[in-house]
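What follows is a set of notes on a single structure, which appears directly below.
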Amino acid sequence: MAGAGSAAVSGAGTPVAGPTGRDLFAEGLLEFLRPAVQQLDSHVHAVRESQVELREQIDNLATELCRINEDQKVALDLDPYVKKLLNARRRVVLVNNILQNAQERLRRLNHSVAKETARRRAMLDSGVYPPGSPSK
């Protein structure tokens, strides 16, 4: 009987492809993590959309405050509030950029995982193992 890390041998003496324990563990781990990665990606996307909406609202409010300040007969000093809004907008843009970079890294990681999984499945299906593989 073949061990978990060795390939079985057919009646003709040729190796028959069989998943190793390591390959099974890796594939199981990838399948276990895939829903969490996809959920995280969708949450990051939703946060990025809300960040864009917030930035637009801040821009609109800053514009409106400037217009009100210019239209007032009585001198109201709204400049500090406009500066605070612009500072908040800058921070929103910064957080949005950080989220965008994290989402891009997550997308690349997900793509790499899918590519590696497909490569391993193709190797298992064809019975071809790379040189030095413990599956030989």
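FYI, nothing fancy with the structure tokens labels: chains A, B, ... in order, residues from 1 per chain, ligands from 1 as they appear.
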
Excluding Gln38 of chain A and its own-chain neighbours fewer than 4 positions away, which residues fall within 10 Å of it when counting only C-alpha atoms? Please give them as an mmCIF file with C-alpha atoms, in the first residue's frame.
data_model
loop_
_atom_site.group_PDB
_atom_site.id
_atom_site.type_symbol
_atom_site.label_atom_id
_atom_site.label_comp_id
_atom_site.auth_asym_id
_atom_site.auth_seq_id
_atom_site.Cartn_x
_atom_site.Cartn_y
_atom_site.Cartn_z
ATOM 1 C CA LEU A 33 -9.461 30.651 3.071
ATOM 2 C CA ARG A 34 -11.066 31.548 -0.273
ATOM 3 C CA SER A 42 -16.195 42.786 -0.972
ATOM 4 C CA HIS A 43 -16.057 44.651 2.364
ATOM 5 C CA VAL A 44 -13.030 46.668 1.225
ATOM 6 C CA LEU A 106 -5.529 41.018 -2.045
ATOM 7 C CA ARG A 107 -6.653 40.716 -5.674
ATOM 8 C CA ASN A 110 -6.255 35.687 -4.836
#

Distance query segment 60-74 of chain A at most 8 Å, only C-alpha atoms, self and fewer than 4 positions along chain excluded, as a ChimeraX atom specification | /A:56,78-79,82,85-86

Just to be explicit: take each residue in the selection above, keep C-alpha atoms, and write the result as a tab-separated table (two decimals), in the first residue's frame.
chain	number	residue	atom	x	y	z
A	56	GLU	CA	-17.84	64.11	-2.45
A	78	LEU	CA	-15.96	80.10	8.39
A	79	ASP	CA	-12.40	79.62	7.16
A	82	VAL	CA	-13.50	74.97	5.73
A	85	LEU	CA	-13.29	69.94	6.22
A	86	LEU	CA	-10.43	70.02	3.72

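For the pair atom CA of Ala102 of chain A and atom CA of Lys84 of chain A, the separation is 27.0 Å.
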
Given the choices A:Asp59, A:Val113, A:Ser50, A:Glu27, which gets closest to Asn96 of chain A if the distance is worked out from only C-alpha atoms?
-> A:Ser50

Please run DSSP on the backbone and report, as number ranges by chain, all residues within segment 6-133 of chain A that come out as helix (DSSP H, G or I).
-> A: 21-71, 79-126
